[in-house]
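K.L.:
Sharing a structure with you now.
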Amino acid sequence: MSAGEKSDPKCMWRRGAASRPARRWGIPLLALCALQFAHAAEPLPFAVRESQLTGPAQMDLGEVDWLARLNNWKRDTAGARPSWLAAMQAWRAQHLAAIAYDDAQYRRPELQWTQKNFIQTQAMVEDRYLYDPVTRRYTVQRFLDDLKRRYGGIDSVLLWPLYPNMGIDHRNQWDLLRDMPGGTDAVRQMVRDFHDQGVRVLFPTLPWDAGSRDPGLAPPDATARLMAEIGADGINGDTMNGLPQSYADAAARTGHPLVLEPELSFKDDAMLATNLHSWAYWDGSFVPLVSKWKWLEPRHMAHVSDRWATDRSNTFQAAFFNGVGVQSWENVWGWWNQMTPRDGEALRRISTIYRAVPALLVSAQWTPHVPTLHYGIYASRFPGAGRSLWTLVNRNEFQVKEGILKLEHRAGQRYLDLWNGRELQPRIEDGQAVIDLPLEARGYGAVLQFEGAAIPSDLAPLLETMRDLARTPLQAYSADWTFLPQKIVPIAATARAAGAPAGMVSVPAGSFDFRVTGIEIEGENRPGMDVQYPWEDSPRRGHFRHMRLDAFHIDRYPVSNLDFKRFIDSAGYRPADAHNFLRHWQGGAPRPAEANSPVTWVSIEDARAYCRAAGKRLPHEWEWQYAAQGTDGRLYPWGNEWDAALVPAPSSARELPPLPPVGQHPKGASPFGVEDMVATVWQWTEEFEDEHTRAAILRGGSFYQPAGSHWYFPQARKLTEHGKYLLMAPSKDRAGALGFRCTQDAG
């Protein structure tokens with residue numbers, strides 16, 4: 001409903017499910033009708049902004065933007081609040097009736113964990129804290145211990161095995177999960193390991209993945225069956241504005257319930273009944289906005305997310321004001337965006353309070369924008385049986401500590417400062433308690449009112465913990481964000497060969513401009529993006545260095561299936577992780593028609609083993625580019641204009657077709673005579689690593705690209721572009737359109 005829509009003057013109410021919310025919130029039905037009639041002839045005093053609602057006196061008054069910002073402090077939020085709250089309550093009742101809301105899913109005992117799922121992180125399965133590529137083991141305890149140390153831990157994890165690598169070949173989203181090291185058996189055990197630590201596990205589902213291999217099932221059924229197989233607790237709908245009923249129905253058919261969590265705001269508000277979680281990409285306005293979904297259903301758990309923010313104070317304050325969760329995402333597609341020490345400590349304190357009083361945070365009578373006594377301080381009230389919680393945020397850039405709240409008081413009521421772990425002694429004036437409370441600049445507060453002669457036993461541990469934490473103010477922690485440095489994995493030199501060995505081309509010594517850009521879809525040009533070469537002081541997307549290279553030899557063509565078969569036969573090579581190894585071969589040998597096609601389904605470890613056995617090595621990326629480009633900076637091996645006749649015919653079939661033989665396009669050779677450099681198969685070059693992520697640089701692009709989505713692994717056919725491919729384990733890293741060629745030092 002937009003701000004200008006009217007309430008329904010008929011005040012029609014459905015029986016059954018639609019009438020339950022009115023009773024649950026304790027709002028008399030006749031009062032609701034009166035409110036509707038009162039507001040039927042005038043616009044609502046708030047606006048709906050996707051998944052948020054504006055607060056009192058925050059409606060657009062028609063000023064130009066600069067004047068609105070200038071005059072915001074003049075708005076009478078306290079005076080506007082009564083009419084605003086009445087309209088909010090009436091709108092809620094009408095809206096729930098209009099969508100015939102049924103809260104059955106929120107009442108299911110097996111799904112009520114969602115109401116305590118406050119902190120969720122998204123984790124790339126390639127994260128080295130989660131999977132150790134050396135010992136080839138999932139390290140759940142290490143992963144969780146790190147998060148607990150830095151910000152108090154998590155309640156759930158969204159494990160991500162798909163984008164941005166997806167689309168390098170025809171494997172679909174379900175294939176890639178099954179290709180994780182150890183297969184579904186190991187993934188199932190990993191999920192159990194999380195469960196043993198009290199952490200729920202979700203995986204993504206991608207509606208845009210319609211150009212890869214056909215799974216033979218409708219996506220909801222393919223997803224629900226796989227989640228049941230591995231014991232996952234829920235699914236996140238990537239790019240989805242609400243997961244449709246078909247996903248809930250598919251989960252029901254498996255007998256394994258799943259929590260549904262879309263990435264984007266619901267396209268149909270009725271989805272609130274079945275999507276118990278959601279992400280919240282919220283406006284970080286000075287005056288906090290109200291969660292639309294929590295206002296409609298206080299048990300709905302939103303996770304406020306801003307993956308690119310290096311200062312998360314807006315995100316955390318918006319969440320705390322609304323009593324909702326946080327998406328503590330740090331490994332963003334391989335770009336490590338670790339929260340600052342100050343943000344980490346703020347999240348620790350928020351989650352500590354949340355976990356101590358979870359029942360209050362889903363209170364049916366929660367009320368946002370409770371009046372405070374200071375401009376820039378905003379509060380929400382969460383009442384419960386015999387106690388009430390107020391969460392406060394100070395949006396000002398300075399500390400405030402006196403006269404924060406004035407609360408209705410009666411004899412026997414006591415007050416706790418949960419944020420600082422102490423009992424308060426408010427001034428009692430005319431039946432009201434005046435609360436003095438220190439709120440740091442851009443800080444937080446939490447007040448709990450209770451009745452009784454002693455502090456409740458369930459709150460005593462919380463007070464002790466928060467008192468210890470409060471000894472160090474948030475402002476004492478650093479708010480400086482820094483990128484995570486990377487290092488390049490060394491490539492050992494080879495024995496020198498005076499002339500080009502058979503099948504290789506000599507590339508003379510020379511100077512050239514090594515200019516290349518990473519083609520990651522997301523991330524702009526933030527510090528830490530892409531990779532960090534040895535001469536750079538930080539990772540970044542665009543790279544340049546004028547280089548003088550020694551002479552070297554490079555394979556004329558990518559290594560073929562026949563070449564690789566000879567290597568296996570002579571060296572007896574068998575990888576420790578053999579899943580997907582040469583999966584396109586039959587009976588341990590390439591199909592005859594593909595003997596001279598580039599070998600694929602080989603990991604970077606397999607490629608290194610081949611080159612090493614031949615006395616060679618993988619090329620440095622700049623060597624690969626120099627061999628393809630020469631000295632004139634051309635965009636393609638043959639020149640600056642794309643010519644489709646000089647490369648294999650492209651394919652976007654849902655099944656990966658056989659690769660064409662090498663050497664079919666000699667006119668597409670580089671200035672040095674090196675062939676099949678672009679649009680044939682991706683080719684392994686460098687490896688980079690940081691504390692959390694390993695990635696390989698792939699060159700040349702390939703002939704294959706799944707159709708229908710912008711999100712598939714993008715092509716890098718220009719010689720000034722490279723692909724960054726996240727590495728986890730050979731089972732998952734091997735791909736059907738990824739091969740290699742070798743180099744050897746000259747001398």
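Each chain of the structure tokens is named A, B, ... in the order shown, its residues numbered from 1; ligands are numbered from 1 in display order.
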If we count only C-alpha atoms and set the cut-off at 7 Å, which residues sit around range 491-497 of chain A, ignoring sequence neighbours fewer than 5 positions away in its own chain? Please answer as a list in words.
P.N.:
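Within the cut-off, the hits are Gly615, Lys616, Arg617, Gln744, Asp745, Ala746 and Gly747 of chain A.
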K.L.:
Take the residues from that selection and write them out as a CSV table (one decimal), in the first residue's frame, keeping N, CA, C and O atoms.
P.N.:
chain,number,residue,atom,x,y,z
A,615,GLY,N,59.4,-31.3,-17.5
A,615,GLY,CA,60.5,-30.3,-17.4
A,615,GLY,C,60.0,-28.9,-17.6
A,615,GLY,O,60.9,-28.0,-17.9
A,616,LYS,N,58.8,-28.6,-17.5
A,616,LYS,CA,58.2,-27.3,-17.8
A,616,LYS,C,57.5,-26.8,-16.5
A,616,LYS,O,57.6,-27.3,-15.5
A,617,ARG,N,56.7,-25.7,-16.7
A,617,ARG,CA,55.9,-25.1,-15.7
A,617,ARG,C,54.7,-24.4,-16.3
A,617,ARG,O,54.7,-24.2,-17.5
A,744,GLN,N,58.6,-23.1,-20.7
A,744,GLN,CA,60.0,-23.5,-20.2
A,744,GLN,C,60.9,-22.3,-20.4
A,744,GLN,O,60.8,-21.6,-21.4
A,745,ASP,N,61.8,-22.2,-19.4
A,745,ASP,CA,62.8,-21.1,-19.5
A,745,ASP,C,63.8,-21.3,-20.6
A,745,ASP,O,64.1,-22.5,-20.9
A,746,ALA,N,64.2,-20.3,-21.3
A,746,ALA,CA,65.1,-20.3,-22.4
A,746,ALA,C,66.5,-19.9,-21.9
A,746,ALA,O,66.6,-19.1,-21.0
A,747,GLY,N,67.5,-20.4,-22.6
A,747,GLY,CA,68.8,-19.9,-22.2
A,747,GLY,C,69.9,-20.7,-22.9
A,747,GLY,O,69.6,-21.6,-23.7
K.L.:
Excluding same-chain residues fewer than 5 positions from range 412-427 of chain A, what lies within 9 Å of it counting only C-alpha atoms, as a ChimeraX atom specification?
P.N.:
/A:349-350,353,432-438,444-453,455,459-460,462-471
K.L.:
For Glu110 in chain A, which residue out of A:His409, A:His256, A:His303, A:Lys667 is the nearest one, using only C-alpha atoms?
P.N.:
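That would be A:His256, the residue with the smallest distance to Glu110 in chain A.
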K.L.:
Between A:Ala68, A:Leu296, A:Ala228, A:Val290, which has the minimum distance to Asp103 in chain A (counting only C-alpha atoms)?
P.N.:
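So, comparing all the options, the nearest one is A:Leu296.
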K.L.:
Mind checking DSSP for range 354-600 of chain A and telling me the alpha helix (DSSP H) residues as a count of residues only?
P.N.:
29
